[in-house]
Structures are given as structure tokens and as C-alpha cells.
>>> print(open('upload16.cif').read())   # mmCIF, C-alpha atoms
data_protein
loop_
_atom_site.label_atom_id
_atom_site.label_comp_id
_atom_site.auth_asym_id
_atom_site.auth_seq_id
_atom_site.Cartn_x
_atom_site.Cartn_y
_atom_site.Cartn_z
CA MET M 1 11.87 17.35 -30.94
CA TRP M 2 10.20 14.29 -32.47
CA GLU M 3 12.15 12.01 -30.17
CA GLN M 4 11.11 14.11 -27.16
CA LEU M 5 7.45 13.74 -28.12
CA GLN M 6 7.96 10.02 -28.59
CA LEU M 7 9.37 9.73 -25.08
CA LEU M 8 6.47 11.68 -23.60
CA ALA M 9 4.06 9.45 -25.51
CA ILE M 10 5.79 6.32 -24.18
CA PHE M 11 5.41 7.44 -20.56
CA LEU M 12 1.82 8.58 -21.07
CA LYS M 13 0.87 5.34 -22.81
CA SER M 14 2.46 3.14 -20.16
CA SER M 15 0.46 4.82 -17.41
CA ALA M 16 -2.77 5.06 -19.38
CA LEU M 17 -2.86 1.35 -20.27
CA ALA M 18 -1.79 -0.08 -16.92
CA VAL M 19 -3.95 -0.78 -13.89
CA GLY M 20 -1.72 0.08 -10.92
CA GLY M 21 1.64 1.77 -10.43
CA LEU M 22 4.09 -1.03 -11.15
CA ALA M 23 1.79 -2.45 -13.82
CA SER M 24 3.32 0.02 -16.29
CA LEU M 25 6.62 -1.88 -16.14
CA PRO M 26 6.01 -4.44 -18.95
CA LEU M 27 4.87 -1.68 -21.33
CA LEU M 28 7.80 0.57 -20.46
CA ARG M 29 10.28 -2.26 -20.80
CA ALA M 30 8.85 -3.15 -24.22
CA ASP M 31 9.28 0.44 -25.44
CA LEU M 32 12.55 1.45 -23.73
CA VAL M 33 14.79 -1.67 -23.66
CA PRO M 34 17.28 -1.78 -25.32
CA ARG M 35 16.96 1.47 -27.28
CA TYR M 36 16.96 3.86 -24.32
CA VAL M 37 17.94 1.82 -21.27
CA THR M 38 19.25 -1.61 -20.23
CA ASP M 39 17.65 -4.05 -17.79
CA ALA M 40 20.29 -2.92 -15.27
CA GLY M 41 18.80 0.58 -15.52
CA ILE M 42 15.33 -0.87 -14.91
CA VAL M 43 16.63 -2.58 -11.76
CA GLN M 44 18.13 0.71 -10.51
CA ALA M 45 14.84 2.53 -11.12
CA LEU M 46 12.82 -0.16 -9.33
CA ALA M 47 15.17 -0.03 -6.34
CA ILE M 48 15.04 3.75 -6.08
CA GLY M 49 11.26 3.69 -6.50
CA ARG M 50 11.06 1.46 -3.43
CA LEU M 51 13.52 3.48 -1.36
CA ALA M 52 12.30 6.98 -2.25
CA PRO M 53 9.14 8.54 -0.77
CA GLY M 54 5.77 8.64 -2.53
CA PRO M 55 3.83 5.99 -4.47
CA ASN M 56 6.01 3.09 -5.65
CA GLY M 57 4.79 3.83 -9.17
CA LEU M 58 7.21 6.76 -9.00
CA TYR M 59 9.92 4.34 -10.12
CA ILE M 60 8.81 5.67 -13.52
CA VAL M 61 10.38 9.06 -12.66
CA SER M 62 13.66 7.36 -11.82
CA LEU M 63 13.47 5.49 -15.12
CA GLY M 64 12.72 8.74 -16.92
CA TYR M 65 15.82 10.32 -15.37
CA ILE M 66 17.99 7.37 -16.43
CA VAL M 67 16.63 7.62 -19.99
CA ALA M 68 16.85 11.38 -20.55
CA GLY M 69 17.94 13.25 -17.40
CA TRP M 70 15.65 15.86 -15.88
CA THR M 71 13.63 16.10 -19.11
CA GLY M 72 12.91 12.38 -18.98
CA ALA M 73 11.97 12.62 -15.30
CA LEU M 74 9.56 15.44 -16.15
CA TYR M 75 7.95 13.45 -18.97
CA ALA M 76 7.55 10.46 -16.66
CA LEU M 77 6.02 12.65 -13.95
CA ILE M 78 3.58 14.15 -16.46
CA GLY M 79 2.57 10.70 -17.71
CA ALA M 80 2.17 9.26 -14.22
CA SER M 81 0.19 12.28 -12.98
CA LEU M 82 -2.16 12.80 -15.92
CA ALA M 83 -3.28 9.29 -16.83
CA PRO M 84 -5.03 8.41 -13.53
CA LEU M 85 -6.88 11.74 -13.55
CA VAL M 86 -9.10 10.45 -16.33
CA MET M 87 -11.13 9.17 -13.39
CA LEU M 88 -12.26 12.72 -12.59
CA PRO M 89 -14.42 13.24 -15.70
CA ALA M 90 -15.21 9.52 -15.76
CA THR M 91 -16.74 9.54 -12.28
CA ALA M 92 -18.71 12.67 -13.14
CA LEU M 93 -19.94 11.66 -16.61
CA ALA M 94 -19.95 7.89 -16.74
CA ARG M 95 -20.33 6.65 -13.20
CA ARG M 96 -22.90 4.07 -14.28
CA TRP M 97 -20.46 2.61 -16.81
CA LEU M 98 -17.71 2.38 -14.20
CA LEU M 99 -19.99 0.30 -12.00
CA SER M 100 -21.21 -1.93 -14.84
CA ALA M 101 -20.37 -5.62 -15.15
CA TRP M 102 -18.60 -5.27 -18.49
CA PHE M 103 -16.31 -2.50 -17.24
CA GLY M 104 -15.51 -4.58 -14.16
CA GLY M 105 -14.67 -7.44 -16.51
CA LEU M 106 -12.45 -5.16 -18.61
CA VAL M 107 -10.47 -4.05 -15.53
CA ARG M 108 -10.26 -7.65 -14.38
CA GLY M 109 -8.97 -8.81 -17.77
CA VAL M 110 -6.31 -6.11 -17.87
CA SER M 111 -5.30 -6.84 -14.26
CA LEU M 112 -4.95 -10.56 -14.92
CA ALA M 113 -2.96 -9.99 -18.11
CA THR M 114 -0.77 -7.55 -16.20
CA ALA M 115 -0.09 -10.26 -13.62
CA GLY M 116 1.11 -12.54 -16.43
CA LEU M 117 3.15 -9.76 -18.05
CA LEU M 118 4.73 -8.88 -14.70
CA LEU M 119 5.64 -12.55 -14.15
CA ALA M 120 7.42 -12.57 -17.50
CA THR M 121 9.11 -9.23 -16.82
CA GLY M 122 10.22 -10.37 -13.35
CA ALA M 123 11.67 -13.57 -14.81
CA THR M 124 13.56 -11.54 -17.43
CA ILE M 125 14.97 -9.22 -14.76
CA VAL M 126 16.05 -12.22 -12.67
CA ALA M 127 17.75 -13.85 -15.65
CA GLY M 128 19.56 -10.62 -16.49
CA SER M 129 20.67 -9.96 -12.91
CA GLY M 130 22.69 -13.16 -12.55
CA THR M 131 21.86 -16.76 -11.71
CA GLN M 132 24.35 -17.67 -9.03
CA ILE M 133 22.96 -19.77 -6.20
CA TRP M 134 22.90 -16.90 -3.70
CA GLN M 135 21.09 -14.68 -6.22
CA LEU M 136 18.42 -17.31 -6.93
CA ALA M 137 18.00 -17.81 -3.16
CA LEU M 138 17.51 -14.05 -2.85
CA VAL M 139 14.83 -14.17 -5.55
CA ALA M 140 12.99 -16.98 -3.75
CA VAL M 141 13.10 -15.21 -0.38
CA THR M 142 11.94 -11.93 -1.94
CA VAL M 143 8.99 -13.59 -3.70
CA VAL M 144 7.84 -15.20 -0.43
CA VAL M 145 8.32 -12.00 1.58
CA THR M 146 6.49 -9.90 -1.04
CA VAL M 147 3.52 -12.25 -1.25
CA HIS M 148 3.20 -12.42 2.54
CA GLY M 149 3.90 -8.69 2.99
CA LYS M 150 5.97 -9.38 6.09
CA LEU M 151 8.80 -6.94 5.41
CA HIS M 152 8.75 -3.36 4.11
CA PRO M 153 9.86 -3.23 0.42
CA ALA M 154 12.56 -0.66 1.21
CA ALA M 155 14.02 -2.98 3.85
CA MET M 156 14.15 -5.79 1.29
CA ILE M 157 16.14 -3.59 -1.10
CA VAL M 158 18.60 -2.83 1.71
CA VAL M 159 18.89 -6.54 2.50
CA GLY M 160 19.54 -7.24 -1.20
CA ALA M 161 22.30 -4.62 -1.33
CA ALA M 162 23.91 -6.05 1.84
CA VAL M 163 23.83 -9.60 0.46
CA GLY M 164 25.26 -8.31 -2.83
CA LEU M 165 28.11 -6.59 -0.99
CA ALA M 166 28.82 -9.82 0.90
CA PHE M 167 28.69 -12.26 -2.01
CA GLY M 168 28.87 -10.20 -5.20
CA ARG M 169 32.48 -9.03 -5.07
CA MET H 1 -28.30 18.23 6.94
CA PRO H 2 -24.68 18.37 5.73
CA ILE H 3 -22.24 20.55 7.58
CA VAL H 4 -21.18 23.45 5.36
CA LYS H 5 -17.49 24.08 5.77
CA SER H 6 -15.11 26.37 3.90
CA PRO H 7 -12.36 24.59 1.95
CA PRO H 8 -8.80 24.89 3.26
CA THR H 9 -6.33 27.28 1.69
CA SER H 10 -4.16 25.99 -1.14
CA ARG H 11 -1.14 26.32 1.12
CA ALA H 12 -2.68 24.18 3.86
CA LEU H 13 -3.82 21.60 1.30
CA ALA H 14 -0.41 21.49 -0.37
CA ARG H 15 1.25 21.08 3.02
CA ALA H 16 -0.97 18.11 3.88
CA TRP H 17 -0.20 16.33 0.59
CA LEU H 18 3.49 17.21 0.85
CA ASP H 19 3.53 15.43 4.21
CA ILE H 20 1.79 12.42 2.65
CA GLY H 21 4.06 12.30 -0.39
CA THR H 22 7.36 12.65 1.45
CA GLN H 23 6.67 10.67 4.62
CA SER H 24 5.48 7.46 2.99
CA VAL H 25 8.36 5.30 1.83
CA GLY H 26 7.64 2.36 -0.45
CA GLY H 27 4.18 3.53 -1.53
CA GLY H 28 1.14 1.25 -1.35
CA SER H 29 -0.48 0.73 2.01
CA SER H 30 1.91 3.08 3.84
CA THR H 31 0.79 5.99 1.63
CA LEU H 32 -2.86 4.99 1.91
CA PHE H 33 -2.55 4.82 5.70
CA LEU H 34 -1.03 8.31 5.80
CA ILE H 35 -3.74 9.80 3.55
CA ARG H 36 -6.45 8.46 5.81
CA ARG H 37 -4.71 9.48 9.02
CA ILE H 38 -3.95 13.03 7.89
CA LEU H 39 -7.03 13.96 5.81
CA VAL H 40 -9.72 12.02 7.67
CA GLU H 41 -8.56 11.69 11.25
CA ARG H 42 -6.27 14.66 11.83
CA LEU H 43 -7.70 17.40 9.59
CA GLY H 44 -11.28 16.21 9.16
CA TRP H 45 -11.47 17.45 5.54
CA ILE H 46 -12.83 14.11 4.32
CA THR H 47 -15.35 11.79 5.94
CA VAL H 48 -14.69 8.07 6.25
CA ARG H 49 -17.48 7.45 3.73
CA GLU H 50 -15.99 9.90 1.18
CA PHE H 51 -12.57 8.33 1.65
CA THR H 52 -13.89 4.79 1.19
CA GLU H 53 -15.87 5.69 -1.96
CA ALA H 54 -12.95 7.58 -3.53
CA TRP H 55 -10.61 4.70 -2.75
CA ALA H 56 -12.98 2.17 -4.39
CA LEU H 57 -13.28 4.32 -7.54
CA SER H 58 -9.51 4.91 -7.65
CA GLN H 59 -8.97 1.14 -7.92
CA LEU H 60 -10.56 1.29 -11.38
CA SER H 61 -8.21 4.00 -12.63
CA PRO H 62 -5.36 3.56 -15.07
CA GLY H 63 -1.82 4.19 -13.82
CA ILE H 64 -1.02 4.93 -10.20
CA HIS H 65 -4.20 4.48 -8.13
CA LEU H 66 -2.95 6.85 -5.43
CA VAL H 67 -2.84 9.68 -7.99
CA ALA H 68 -6.48 9.06 -8.86
CA LEU H 69 -7.27 8.94 -5.14
CA ALA H 70 -5.46 12.26 -4.58
CA GLY H 71 -7.40 13.82 -7.46
CA LEU H 72 -10.78 12.53 -6.26
CA LEU H 73 -10.17 13.59 -2.66
CA GLY H 74 -8.75 16.94 -3.78
CA ARG H 75 -11.91 17.60 -5.80
CA THR H 76 -14.07 16.77 -2.79
CA ILE H 77 -12.04 19.10 -0.57
CA ALA H 78 -11.62 22.13 -2.83
CA GLY H 79 -12.89 21.52 -6.38
CA SER H 80 -10.56 21.95 -9.38
CA ARG H 81 -8.03 23.84 -7.28
CA GLY H 82 -8.01 20.93 -4.87
CA VAL H 83 -7.23 18.46 -7.68
CA ILE H 84 -4.20 20.38 -8.91
CA VAL H 85 -2.80 21.18 -5.46
CA SER H 86 -3.35 17.65 -4.14
CA VAL H 87 -1.79 15.78 -7.07
CA ALA H 88 1.11 18.22 -7.39
CA GLY H 89 1.64 18.27 -3.62
CA MET H 90 1.88 14.49 -3.44
CA MET H 91 3.83 13.91 -6.65
CA VAL H 92 6.22 16.79 -7.37
CA PRO H 93 8.37 16.84 -4.18
CA ALA H 94 8.51 13.03 -4.10
CA ALA H 95 9.45 12.99 -7.81
CA ILE H 96 12.24 15.53 -7.26
CA ILE H 97 13.67 13.43 -4.41
CA THR H 98 13.40 10.32 -6.62
CA ALA H 99 15.22 12.02 -9.52
CA ILE H 100 17.96 13.36 -7.23
CA ALA H 101 18.43 9.88 -5.72
CA THR H 102 18.73 8.48 -9.26
CA ALA H 103 21.32 11.12 -10.15
CA LEU H 104 23.34 10.34 -7.01
CA LEU H 105 23.26 6.63 -7.75
CA GLY H 106 24.38 7.39 -11.30
CA GLU H 107 27.44 9.20 -9.92
CA VAL H 108 28.64 6.07 -8.13
CA ALA H 109 27.20 3.50 -10.53
CA ARG H 110 30.62 2.33 -11.72
CA HIS H 111 32.14 1.98 -8.26
CA PRO H 112 32.89 -1.68 -7.43
CA LEU H 113 30.88 -1.47 -4.20
CA THR H 114 27.84 -0.14 -6.08
CA ILE H 115 28.14 -2.90 -8.66
CA ALA H 116 28.34 -5.48 -5.88
CA GLY H 117 25.31 -3.99 -4.13
CA LEU H 118 23.31 -3.95 -7.36
CA SER H 119 24.17 -7.61 -7.94
CA GLY H 120 22.02 -8.29 -4.88
CA ILE H 121 19.39 -5.64 -5.63
CA GLY H 122 18.72 -7.08 -9.11
CA PRO H 123 17.39 -10.42 -7.79
CA VAL H 124 15.35 -8.54 -5.16
CA ALA H 125 13.80 -6.27 -7.83
CA GLY H 126 12.99 -9.31 -9.98
CA GLY H 127 11.62 -11.20 -6.98
CA MET H 128 9.44 -8.24 -5.99
CA THR H 129 8.03 -8.04 -9.50
CA ILE H 130 7.20 -11.76 -9.48
CA GLY H 131 5.79 -11.46 -5.96
CA LEU H 132 3.56 -8.55 -6.97
CA ALA H 133 2.31 -10.55 -9.96
CA LEU H 134 1.44 -13.47 -7.68
CA THR H 135 -0.32 -11.09 -5.28
CA MET H 136 -2.40 -9.75 -8.18
CA ALA H 137 -3.24 -13.30 -9.26
CA ARG H 138 -4.09 -14.54 -5.76
CA PRO H 139 -7.82 -13.59 -5.80
CA VAL H 140 -8.20 -16.08 -8.66
CA LEU H 141 -7.91 -18.89 -6.14
CA GLN H 142 -11.14 -17.80 -4.47
CA ARG H 143 -13.23 -17.91 -7.64
CA GLY H 144 -14.05 -21.58 -7.90
CA ARG H 145 -14.69 -22.98 -11.38
CA TRP H 146 -14.46 -19.55 -13.00
CA ALA H 147 -10.78 -19.49 -12.03
CA VAL H 148 -10.03 -21.45 -15.21
CA LEU H 149 -10.72 -18.40 -17.37
CA ASP H 150 -8.67 -16.14 -15.10
CA VAL H 151 -5.71 -18.52 -15.07
CA ALA H 152 -5.95 -18.81 -18.86
CA VAL H 153 -5.55 -15.02 -19.22
CA ILE H 154 -2.53 -14.96 -16.88
CA VAL H 155 -0.81 -17.91 -18.56
CA ALA H 156 -1.55 -16.59 -22.06
CA ALA H 157 -0.06 -13.18 -21.23
CA LEU H 158 2.99 -14.78 -19.62
CA GLY H 159 3.55 -17.15 -22.54
CA ILE H 160 3.00 -14.55 -25.23
CA LEU H 161 5.48 -12.10 -23.70
CA LEU H 162 8.15 -14.74 -23.02
CA ALA H 163 7.77 -16.11 -26.54
CA GLY H 164 7.75 -12.64 -28.08
CA ALA H 165 4.63 -13.65 -30.01
CA ALA H 166 2.88 -10.27 -29.70
CA GLN H 167 3.51 -6.79 -28.41
CA THR H 168 2.72 -6.02 -24.79
CA ILE H 169 0.11 -3.45 -25.75
CA VAL H 170 -1.72 -6.00 -27.94
CA VAL H 171 -1.87 -8.42 -25.00
CA ILE H 172 -3.39 -5.71 -22.76
CA PHE H 173 -6.03 -4.67 -25.30
CA ALA H 174 -6.93 -8.29 -26.03
CA ALA H 175 -7.22 -9.10 -22.31
CA GLY H 176 -9.40 -6.02 -21.77
CA ALA H 177 -11.76 -7.07 -24.57
CA PHE H 178 -11.81 -10.66 -23.33
CA GLY H 179 -12.54 -9.46 -19.80
CA ALA H 180 -15.37 -7.14 -20.91
CA ALA H 181 -16.97 -10.01 -22.81
CA LEU H 182 -16.46 -12.91 -20.42
CA LEU H 183 -15.15 -11.83 -17.02
CA GLY H 184 -17.75 -9.26 -15.99
CA ARG H 185 -19.77 -11.58 -13.82
CA GLU H 186 -19.22 -9.44 -10.76
CA ARG H 187 -17.87 -6.04 -9.87
CA PRO H 188 -14.12 -5.97 -9.31
CA THR H 189 -12.90 -5.95 -5.76
CA SER H 190 -10.08 -3.82 -4.47
CA SER H 191 -7.84 -6.85 -4.11
CA ASP H 192 -8.06 -7.46 -7.85
CA ALA H 193 -5.93 -4.44 -8.63
CA PRO H 194 -2.43 -3.69 -7.37
CA MET H 195 -2.18 -0.97 -4.82
CA SER H 196 0.28 1.70 -5.79
#
>>> encode(input="upload16.cif", output="C-alpha cells")
Amino acid sequence: MWEQLQLLAIFLKSSALAVGGLASLPLLRADLVPRYVTDAGIVQALAIGRLAPGPNGLYIVSLGYIVAGWTGALYALIGASLAPLVMLPATALARRWLLSAWFGGLVRGVSLATAGLLLATGATIVAGSGTQIWQLALVAVTVVVTVHGKLHPAAMIVVGAAVGLAFGR
Amino acid sequence: MPIVKSPPTSRALARAWLDIGTQSVGGGSSTLFLIRRILVERLGWITVREFTEAWALSQLSPGIHLVALAGLLGRTIAGSRGVIVSVAGMMVPAAIITAIATALLGEVARHPLTIAGLSGIGPVAGGMTIGLALTMARPVLQRGRWAVLDVAVIVAALGILLAGAAQTIVVIFAAGAFGAALLGRERPTSSDAPMS
């Protein structure tokens, strides 16, 4: 029971302290790897999150399933659904605060730190996925394509799987 | 004088968000595009102004911004009932499909072809994460001399996590406090936060 509550708390915390869907990744990785899941599991969840319908932050549900089956998926869904709804009372009660300079600075600080944390997390995932030449080339192409937004994320996952089937056997 | 209109039934509202949640693959702008097309243009439940304001506020929310957007729009459409139906309609069916897809992948995870495919998906997932981070950091380049502070936050967070010098949560709290004290020179823009 205690462990169940801990898992729920992990998913709630990761959503509550992140600004943006994928921004929860560094927090989740810090709490779940290696105790509950490996980096390979994180990669699977990220891929499914991109291929499945809905917000890409739903990768968290895939990760929850990998960690603890349907119960884990439910905890992840609860965390991902509840945390952003804090905006409902916030916009009603503290709208002036939300539009203040210091709150804008707070969001900016968290966003910038998240960018740095995501860079570190991405580098860790790359290192754990293999460093053969074709894999590093795939990383470089994906970074460029993602920054320019030229190709749909789901298509990039399919391309990655095809390249893996061609070179990874 | 505002036009008084009766809110849609829960069933109609759930159907609209179900369409949004299950038809948008990859999240982000594709989901946002669908929300606007269905709720504003097709059904007329939300005005362009209401949509734009809710979207701007949702960019300040923790977690998945699209959930906050669904909640804010749902409240505008049908009050508390609208919040619950909208968020559940967008999230629950998509989450079930996501969990089933994960279960199916788990069934074939040890197959040599799956392992080979994942050997290519891993670098793509890592590359996407790095690419998203760079996209989040990109507005820094337009901030002139103040960019030094922004870059310092990014580099500090990167270095601290790679070096294992502090917990992730500590980095986030510290960056939030630093931002509130020193980075609040202007209101955040939508491009400062990742779309999800």
C-alpha cells in the first residue's frame, strides 16, 4: 500500500513541478530509474507517447504501465490530469499574480532549467541506446528535424524503427 | 450584449473531446489545431478570443498544458461539469489506447525484430528530447544581453544533473526562485514553454 502511494506521489510530483508535457521526464527518470524501470523502458514509453493519440505528455501513462501495469497507468493518468487543473482555481483567485512579473520570471526560470535538464536526460538516453555511427547519425538527424519541426514526431519514430531494423540486427 | 446560449449536453461535449483526444497523433500543435477547429470553428462553443485567452493562461500551468486548456475551455462551455467531461474525454480514451499499445509492445519486446527496431528508436527518442530542449532554449537568442542569465540557468541545470551534484527537484525549485527574483522583466511568451 505504501509503495502504491509512493508511486502515485511520484507521478503527481513530476507533473506538478514541470512546465509542459515532456518536461516531467527528468523528474520521473530521477525517481524511477533504476528502481522501477530501465532507460530502455523510458525509450519505449517515449516512442509510444509519440505514436499514440492525445497529448505527447501521455508518454507518462505508457511509463506508468511499464512500471506497474494498469495500476501504474492509472496513477500516471491521475497525476497528469490533476496537476494542470490547478490553473482553474488559480485563474479565478489569483489572476493578478499569474500576470505579475515575478510569476512570469518563476515560469521562465523553471522552463530554462527544464531545457537544461532535458538536454542532460536526452544525452543519457542517447548514451544508453548505443553509440554506433548509424545511431549517432540518427540522433543528429532527429535533433535537426525536431528543432525545425519539418517532420511529424510519429513519422520520425517509424523512421528510427526502420533504420534500426536495417542496421541493428 | 453577449449572446446567451445553453451549454451542450455532457454527451455532446464528451464526444467532441473524444474526437480531439483520439484523432491527434503526436500531441502538441496537432492537438491544439484540432481543439480550435472543432470547438471554435465547427461547434461554435468557444469564441476565438476565449480560446486565445485560455491558451495563453494554459501556458503557465504545470504539467501538460493541453490538460489545463481542456479544463479552462470546459469551464467556459459548461462550468464544473464541463471541466470533468472535457479533461476525461480528452485523456481517458487516449490513455487507454496508450496503455494497450504499451502492453502489446511488451508482448513482443524480446523478439529480435523488436530489439532491432528499438535500437533505432532509442537514438530517435534521445534526439527528440535534445531537440525539444533546444526548442525551449531558442527564445533565449532573441533576448540580447539578458540572454547571459538565461544561458547560465540552462547550463547550470545541465551540468548539475550530469554531474549528479543535486537532485532534479532541487534544481527546479532553485531555478524557479532565481527566475522569480531576476528573470521577471517581462511576461512570459507562449514560445517560452513547451507545447504539449
>>> atom_distance(input="upload16.cif", atom1="atom CA of Ile77 of chain H", atom2="atom CA of Gly89 of chain H")
14.0 Å
>>> residues_around(input="upload16.cif", residues="Leu149 of chain H", least_positions_apart="3", cutoff="12 Å", atoms="all atoms listed in the file", output="number ranges by chain")
M: 105, 108-109, 112-113; H: 140-141, 143-146, 152-156, 175, 178-179, 181-185
>>> atom_distance(input="upload16.cif", atom1="atom CA of Ala23 of chain M", atom2="atom CA of Thr114 of chain M")
6.2 Å
>>> closest_atom_pairs(input="upload16.cif", of="segment 47-93 of chain H", to="segment 58-73 of chain M", cutoff="12 Å", atoms="only C-alpha atoms", output="CSV")
residue,atom,partner,partner_atom,distance
H:Gly63,CA,M:Leu58,CA,10.6
H:Ile64,CA,M:Leu58,CA,8.5
H:His65,CA,M:Leu58,CA,11.7
H:Leu66,CA,M:Leu58,CA,10.8
H:Val67,CA,M:Leu58,CA,10.5
H:Met90,CA,M:Leu58,CA,10.9
H:Met91,CA,M:Leu58,CA,8.3
H:Val92,CA,M:Leu58,CA,10.2
H:Pro93,CA,M:Leu58,CA,11.2
>>> write_last_selection(input="upload16.cif", atoms="C-alpha atoms", output="PDB file, in the coordinates of the input")
ATOM      1  CA  GLY H  63      -1.820   4.190 -13.820  1.00  0.00           C
ATOM      2  CA  ILE H  64      -1.020   4.930 -10.200  1.00  0.00           C
ATOM      3  CA  HIS H  65      -4.200   4.480  -8.130  1.00  0.00           C
ATOM      4  CA  LEU H  66      -2.950   6.850  -5.430  1.00  0.00           C
ATOM      5  CA  VAL H  67      -2.840   9.680  -7.990  1.00  0.00           C
ATOM      6  CA  MET H  90       1.880  14.490  -3.440  1.00  0.00           C
ATOM      7  CA  MET H  91       3.830  13.910  -6.650  1.00  0.00           C
ATOM      8  CA  VAL H  92       6.220  16.790  -7.370  1.00  0.00           C
ATOM      9  CA  PRO H  93       8.370  16.840  -4.180  1.00  0.00           C
TER      10      PRO H  93
END
>>> resolve_selection(input="upload16.cif", expression="the PyMOL selection byres ((chain M and resi 119-130) around 6)", output="list of chain:residue names")
M:Gly116, M:Leu117, M:Leu118, M:Thr131, M:Gln132, H:Gly122, H:Pro123, H:Gly126, H:Thr129, H:Ile130, H:Ala133, H:Leu158, H:Leu162
>>> atom_distance(input="upload16.cif", atom1="atom CA of Val124 of chain H", atom2="atom CA of Ile42 of chain M")
12.4 Å
>>> resolve_selection(input="upload16.cif", expression="the PyMOL selection byres ((chain H and resi 61) around 10)", output="PyMOL selection string")
(chain M and resi 15-20+83-88+90+98+107) or (chain H and resi 56-60+62-69+193)
>>> closest_residue(input="upload16.cif", among="M:Gly164, M:Gly79, M:Gly49, M:Gly149", to="Thr135 of chain H", atoms="only C-alpha atoms")
M:Gly149
>>> residues_around(input="upload16.cif", residues="Val145 of chain M", least_positions_apart="2", cutoff="12 Å", atoms="all atoms listed in the file", output="number ranges by chain")
M: 138-143, 147-153, 155-157, 159; H: 124, 127-132, 134-135
>>> build_atoms(input="upload16.cif", residues="segment 153-167 of chain H", atoms="N, CA and C atoms", output="short mmCIF file (atom, residue, chain, number, x, y, z; two decimals), keeping the file's coordinate frame")
data_model
loop_
_atom_site.label_atom_id
_atom_site.label_comp_id
_atom_site.auth_asym_id
_atom_site.auth_seq_id
_atom_site.Cartn_x
_atom_site.Cartn_y
_atom_site.Cartn_z
N VAL H 153 -6.02 -16.36 -18.83
CA VAL H 153 -5.55 -15.02 -19.22
C VAL H 153 -4.12 -14.79 -18.72
N ILE H 154 -3.87 -15.17 -17.46
CA ILE H 154 -2.53 -14.96 -16.88
C ILE H 154 -1.48 -15.76 -17.66
N VAL H 155 -1.78 -17.04 -17.89
CA VAL H 155 -0.81 -17.91 -18.56
C VAL H 155 -0.60 -17.46 -20.01
N ALA H 156 -1.68 -17.05 -20.67
CA ALA H 156 -1.55 -16.59 -22.06
C ALA H 156 -0.66 -15.35 -22.13
N ALA H 157 -0.88 -14.39 -21.22
CA ALA H 157 -0.06 -13.18 -21.23
C ALA H 157 1.39 -13.50 -20.95
N LEU H 158 1.62 -14.37 -19.97
CA LEU H 158 2.99 -14.78 -19.62
C LEU H 158 3.68 -15.44 -20.82
N GLY H 159 2.97 -16.41 -21.42
CA GLY H 159 3.55 -17.15 -22.54
C GLY H 159 3.81 -16.28 -23.75
N ILE H 160 2.86 -15.40 -24.04
CA ILE H 160 3.00 -14.55 -25.23
C ILE H 160 4.19 -13.61 -25.08
N LEU H 161 4.36 -13.03 -23.88
CA LEU H 161 5.48 -12.10 -23.70
C LEU H 161 6.82 -12.83 -23.72
N LEU H 162 6.89 -13.99 -23.04
CA LEU H 162 8.15 -14.74 -23.02
C LEU H 162 8.52 -15.24 -24.42
N ALA H 163 7.50 -15.60 -25.19
CA ALA H 163 7.77 -16.11 -26.54
C ALA H 163 7.95 -14.98 -27.55
N GLY H 164 7.64 -13.77 -27.14
CA GLY H 164 7.75 -12.64 -28.08
C GLY H 164 6.75 -12.73 -29.21
N ALA H 165 5.60 -13.39 -28.94
CA ALA H 165 4.63 -13.65 -30.01
C ALA H 165 3.78 -12.43 -30.35
N ALA H 166 3.67 -11.48 -29.42
CA ALA H 166 2.88 -10.27 -29.70
C ALA H 166 3.41 -9.14 -28.83
N GLN H 167 3.07 -7.92 -29.20
CA GLN H 167 3.51 -6.79 -28.41
C GLN H 167 2.71 -6.72 -27.11
#
